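Here's the structure we're looking at; comments come further down.
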Amino acid sequence: KKEKPELTQVYGQVLQDVCRRVDKAYRAFFGRIKHKEKAGFPRFKSANRYISFTYPQHGFKLENNKLTLSKIGSVKIILHRPMIGKVKTLNIQHDSVGNWYACFSCESEAGFISEAGFITENILIPYSENKIGIDVGIRSFATFSDGEKVPNPRFFNQDKNEIAKAQRKLGRTKNIAERNKYKKKINHIYNRVTNRRKDFAHKLSRKIVNKYGVIALEKLDIQQMLQNHSFSKNISDVAWGQFVQYTTYKAEWAGRSIIQVDPRNTSQICSGCGTLVKKDLSVQIHDCPACGLKIDRDENAAINILALGLQCLGINPKSSTLEIISSRE
């Protein structure tokens, strides 16, 4: 503060938290070197790239939908749900379109859970004996072992023409004010796509957790799959990892059993008799020459995923699998 008097305008614990972030970044960097992983040297964050700051203990107060921040003042906020418990830390962050968010971390009591910095009562969900296997894909976002399909919403495709138009205008203009205007417009469109994708994943994961007691999913190496440039854009848009993450934590909070299984050969193995039936990606129907089972390729994979999940739980999957197949017939 003696060398840079402008730092006196920032609350002391906020500055201390910045030091902790730098220390954490370098410790992680040297840890990766020690374990002979890809290191990735910590990247300097300029003022334009710094999107959050933290009050670790003190310096903030919330009263009557007004948040008082030390060295900043009182700010009106929209409190989307009441907080219960002792507030411990506050993280202030903003997104690419200029929206600001106050994220509180609370110390909860037994019987409560923390969600997005707020404390909510754990909603009890009735016990369910229903079991489901889920195969995710690009043509259909998800195929269930009971035959239900969830269409792929393709959120990016809905707005790609608008994005392309704004980017062309951005590339043609030289005026700084105009460029900032089009940059903000592009950020707004991407933010809208992101919000739609999150909303879809939240609603679908909630529907699944409410209905099924046992949920089997694929354990996908998405980063490796993104190396295929022919499908990387579609894989990024469909956001399987986000869906799995939301379903997993919702299932854990609700006390559901959720298992991620190795997806290898789940679409090739016949769910009726276990015969390996090789087929290309273009073939959408599973037709087993051994037992005569003929069903959708993704549904066959979902049934196999459920069987593997039940095996992990020590449950005999054969009866459940046969029950599913007979109901399809």
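Lettering and numbering for the structure tokens are positional, with chains as A, B, ... in the shown order, residues counted from 1 in each chain, and ligands counted from 1 in the shown order.
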Query raised in the report: Could you name the residues that touch A:Arg139 at 10 Å or less, counting only C-alpha atoms, but leaving out those on the same chain fewer than 4 positions away, as a ChimeraX atom specification?
Result: /A:143,150-154,234,238,298
Counting only C-alpha atoms, what is within 8 Å of A:Leu220, bar same-chain residues fewer than 2 positions away, as an mmCIF file with all heavy atoms, in the first residue's frame?
```cif
data_model
loop_
_atom_site.group_PDB
_atom_site.id
_atom_site.type_symbol
_atom_site.label_atom_id
_atom_site.label_comp_id
_atom_site.auth_asym_id
_atom_site.auth_seq_id
_atom_site.Cartn_x
_atom_site.Cartn_y
_atom_site.Cartn_z
ATOM 1 N N GLU A 218 -23.184 -43.226 -18.347
ATOM 2 C CA GLU A 218 -21.889 -43.538 -18.944
ATOM 3 C C GLU A 218 -20.802 -42.668 -18.312
ATOM 4 O O GLU A 218 -21.023 -41.489 -18.034
ATOM 5 C CB GLU A 218 -21.914 -43.255 -20.446
ATOM 6 C CG GLU A 218 -22.920 -44.079 -21.227
ATOM 7 C CD GLU A 218 -23.009 -43.597 -22.656
ATOM 8 O OE1 GLU A 218 -23.774 -42.643 -22.901
ATOM 9 O OE2 GLU A 218 -22.322 -44.157 -23.521
ATOM 10 N N ILE A 222 -14.795 -36.957 -21.997
ATOM 11 C CA ILE A 222 -15.241 -35.937 -22.940
ATOM 12 C C ILE A 222 -14.068 -35.184 -23.545
ATOM 13 O O ILE A 222 -14.078 -34.842 -24.732
ATOM 14 C CB ILE A 222 -16.222 -34.972 -22.250
ATOM 15 C CG1 ILE A 222 -17.474 -35.752 -21.823
ATOM 16 C CG2 ILE A 222 -16.621 -33.827 -23.170
ATOM 17 C CD1 ILE A 222 -18.445 -34.955 -20.991
ATOM 18 N N ASP A 262 -18.364 -47.981 -17.425
ATOM 19 C CA ASP A 262 -17.541 -47.937 -18.635
ATOM 20 C C ASP A 262 -18.446 -48.173 -19.845
ATOM 21 O O ASP A 262 -19.088 -49.220 -19.954
ATOM 22 C CB ASP A 262 -16.462 -49.012 -18.559
ATOM 23 C CG ASP A 262 -15.475 -48.936 -19.714
ATOM 24 O OD1 ASP A 262 -15.690 -48.118 -20.630
ATOM 25 O OD2 ASP A 262 -14.488 -49.696 -19.703
ATOM 26 N N PRO A 263 -18.496 -47.221 -20.795
ATOM 27 C CA PRO A 263 -19.418 -47.372 -21.933
ATOM 28 C C PRO A 263 -18.882 -48.247 -23.066
ATOM 29 O O PRO A 263 -19.548 -48.403 -24.084
ATOM 30 C CB PRO A 263 -19.585 -45.933 -22.417
ATOM 31 C CG PRO A 263 -18.267 -45.293 -22.110
ATOM 32 C CD PRO A 263 -17.790 -45.935 -20.820
#
```
**Report entry** Atomic separation - atom CA of A:Gly241 relative to atom CA of A:Ala201, Å
**Finding:** 9.9 Å
**Report entry** Point-to-point distance in Å for atom CA of A:Gly85 and atom CA of A:Tyr55
**Finding:**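 Distance reported for this atom pair: 17.5 Å.
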Requested in this report: Can you pull out every residue within 9 Å of A:Cys288, counting only C-alpha atoms, but drop anything in the same chain fewer than 6 positions away, and send it as an MDAnalysis selection string?
Outcome: chainID A and resid 270 272:273 275:277 294
Requested in this report: Have a look at A:Asn175, A:Ser232, A:Lys250, A:Glu63 and name the one nearest to A:Lys207; count only C-alpha atoms.
Outcome: A:Lys250
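Interatomic distance, atom CA of A:Ile33 to atom CA of A:Gln223: 20.7 Å.
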Report task. Considering only C-alpha atoms, return as a list in words whatever protein or nucleic-acid residues lie within 10 Å of stretch 284-286 of chain A, sequence-local ones (same chain, fewer than 3 positions apart) excluded. Result ->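 With the cut-off at 10 Å, the set is Ser267, Gln268, Ile269, Cys270, Ser271, Val277, Lys278, Lys279, Asp280, Leu281, Pro289, Gly292, Leu293, Lys294, Ile295, Asp296, Arg297, Asp298, Glu299, Asn300 and Ala301 of chain A.
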Next, dump the selected residues to file, keeping only N, CA and C atoms, as a compact mmCIF listing (two decimals), in the first residue's frame.
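Written out: selection34.txt:
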```txt
# COMPACT_ATOMS: atom_id res chain seq x y z
N SER A 267 -22.98 -50.39 -27.02
CA SER A 267 -23.86 -50.37 -28.20
C SER A 267 -23.64 -51.57 -29.11
N GLN A 268 -22.54 -52.30 -28.89
CA GLN A 268 -22.22 -53.45 -29.74
C GLN A 268 -22.74 -54.77 -29.17
N ILE A 269 -22.76 -54.88 -27.84
CA ILE A 269 -23.20 -56.12 -27.19
C ILE A 269 -24.73 -56.18 -27.19
N CYS A 270 -25.26 -57.34 -27.51
CA CYS A 270 -26.72 -57.52 -27.51
C CYS A 270 -27.22 -57.58 -26.07
N SER A 271 -28.19 -56.76 -25.75
CA SER A 271 -28.74 -56.72 -24.40
C SER A 271 -29.62 -57.94 -24.11
N VAL A 277 -22.22 -57.83 -31.46
CA VAL A 277 -22.70 -57.56 -32.82
C VAL A 277 -22.05 -56.26 -33.30
N LYS A 278 -20.99 -56.36 -34.10
CA LYS A 278 -20.27 -55.19 -34.58
C LYS A 278 -21.14 -54.39 -35.54
N LYS A 279 -21.09 -53.06 -35.40
CA LYS A 279 -21.84 -52.18 -36.30
C LYS A 279 -21.18 -50.82 -36.36
N ASP A 280 -21.29 -50.15 -37.51
CA ASP A 280 -20.74 -48.81 -37.68
C ASP A 280 -21.62 -47.78 -36.99
N LEU A 281 -21.09 -46.56 -36.85
CA LEU A 281 -21.85 -45.49 -36.23
C LEU A 281 -23.08 -45.12 -37.04
N PRO A 289 -28.23 -61.45 -34.76
CA PRO A 289 -28.45 -62.68 -35.52
C PRO A 289 -28.60 -63.91 -34.63
N GLY A 292 -32.26 -62.78 -32.33
CA GLY A 292 -33.31 -62.12 -33.12
C GLY A 292 -33.81 -60.81 -32.55
N LEU A 293 -33.15 -60.29 -31.51
CA LEU A 293 -33.57 -59.02 -30.91
C LEU A 293 -33.31 -57.87 -31.89
N LYS A 294 -34.31 -57.05 -32.11
CA LYS A 294 -34.19 -55.92 -33.03
C LYS A 294 -34.76 -54.67 -32.37
N ILE A 295 -33.88 -53.81 -31.91
CA ILE A 295 -34.29 -52.57 -31.23
C ILE A 295 -33.36 -51.44 -31.64
N ASP A 296 -33.70 -50.24 -31.22
CA ASP A 296 -32.87 -49.07 -31.49
C ASP A 296 -31.49 -49.25 -30.87
N ARG A 297 -30.47 -48.82 -31.59
CA ARG A 297 -29.08 -48.97 -31.14
C ARG A 297 -28.84 -48.32 -29.79
N ASP A 298 -29.33 -47.07 -29.62
CA ASP A 298 -29.10 -46.34 -28.37
C ASP A 298 -29.88 -46.95 -27.21
N GLU A 299 -31.07 -47.48 -27.50
CA GLU A 299 -31.85 -48.14 -26.46
C GLU A 299 -31.14 -49.41 -25.99
N ASN A 300 -30.56 -50.14 -26.94
CA ASN A 300 -29.79 -51.34 -26.59
C ASN A 300 -28.63 -50.97 -25.68
N ALA A 301 -27.95 -49.86 -26.01
CA ALA A 301 -26.83 -49.40 -25.18
C ALA A 301 -27.31 -49.00 -23.79
```
**Report entry** 9 Å contact set for A:Gln242, only C-alpha atoms, chain neighbours under 5 positions out, as a ChimeraX atom specification
**Finding:** /A:197-198,201,247
Report task. Could you check which of A:Ile235, A:Val209, A:Cys312, A:Ile72 is closest to A:Thr8, using only C-alpha atoms? Result ->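 Closest residue, counting only C-alpha atoms: A:Ile72.
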Near-A:Ser52 list (8 Å; only C-alpha atoms; drop same-chain fewer than 4 positions) as a tab-separated table (two decimals) with all heavy atoms, in the first residue's frame:
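This is the output file selection_36.tsv:
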```tsv
chain	number	residue	atom	x	y	z
A	91	ASN	N	-18.45	-13.90	-2.15
A	91	ASN	CA	-17.71	-13.78	-3.41
A	91	ASN	C	-18.53	-12.93	-4.37
A	91	ASN	O	-19.69	-13.24	-4.65
A	91	ASN	CB	-17.45	-15.17	-4.00
A	91	ASN	CG	-16.63	-15.10	-5.27
A	91	ASN	OD1	-17.16	-15.09	-6.38
A	91	ASN	ND2	-15.31	-15.04	-5.13
A	92	ILE	N	-17.95	-11.84	-4.84
A	92	ILE	CA	-18.60	-10.96	-5.80
A	92	ILE	C	-18.02	-11.27	-7.18
A	92	ILE	O	-16.79	-11.27	-7.36
A	92	ILE	CB	-18.36	-9.48	-5.47
A	92	ILE	CG1	-18.81	-9.16	-4.04
A	92	ILE	CG2	-19.08	-8.58	-6.48
A	92	ILE	CD1	-20.29	-9.25	-3.82
A	93	GLN	N	-18.87	-11.55	-8.16
A	93	GLN	CA	-18.38	-11.87	-9.48
A	93	GLN	C	-19.31	-11.29	-10.55
A	93	GLN	O	-20.46	-10.98	-10.27
A	93	GLN	CB	-18.25	-13.39	-9.67
A	93	GLN	CG	-19.55	-14.14	-9.50
A	93	GLN	CD	-19.36	-15.65	-9.51
A	93	GLN	OE1	-18.36	-16.15	-9.03
A	93	GLN	NE2	-20.33	-16.35	-10.05
A	94	HIS	N	-18.76	-11.13	-11.75
A	94	HIS	CA	-19.58	-10.62	-12.85
A	94	HIS	C	-19.33	-11.45	-14.10
A	94	HIS	O	-18.30	-12.11	-14.24
A	94	HIS	CB	-19.29	-9.14	-13.12
A	94	HIS	CG	-17.95	-8.88	-13.75
A	94	HIS	ND1	-17.78	-8.77	-15.11
A	94	HIS	CD2	-16.73	-8.69	-13.20
A	94	HIS	CE1	-16.51	-8.52	-15.37
A	94	HIS	NE2	-15.85	-8.47	-14.24
```
Requested in this report: Enumerate the residues of stretch 22-236 of chain A with a DSSP assignment of strand (DSSP E), computed from the backbone, and present them as a ChimeraX atom specification.
Outcome: /A:52-55,60-63,66-69,73-76,86-94,100-107,112-115,118-121,131-136,140-144,149-151,214-218
Query - Top pick for closest residue to A:Gly255, considering A:Ser230, A:Gly213, A:Ala290, A:Lys38 and counting only C-alpha atoms - result: A:Gly213
Query raised in the report: Which residues come within 12 Å of A:Lys233, counting only C-alpha atoms, excluding same-chain residues fewer than 6 positions away, as an MDAnalysis selection string?
Result: chainID A and resid 138 154:157 160 225:227 239
Requested in this report: Identify, with DSSP run on backbone atoms, the residues in stretch 122-181 of chain A assigned to alpha helix (DSSP H), and express the list as a PyMOL selection string.
Outcome: chain A and resi 155-172+176-181
Requested in this report: Compare A:Arg179, A:His80, A:Lys66, A:Arg256 by their minimum atom-to-atom distance to A:Lys131, counting only C-alpha atoms, and give me the closest one.
Outcome: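 The closest residue to A:Lys131 is A:Arg256.
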Report summary line: Of A:Asp17, A:Asp287, A:Asp95, A:Glu37, the one nearest to A:Gln57 when counting only C-alpha atoms is A:Asp17
Query - Which residue of A:Leu217, A:Ile51, A:Ala39, A:Ala102 approaches A:Gly137 most closely, using only C-alpha atoms - result: A:Leu217
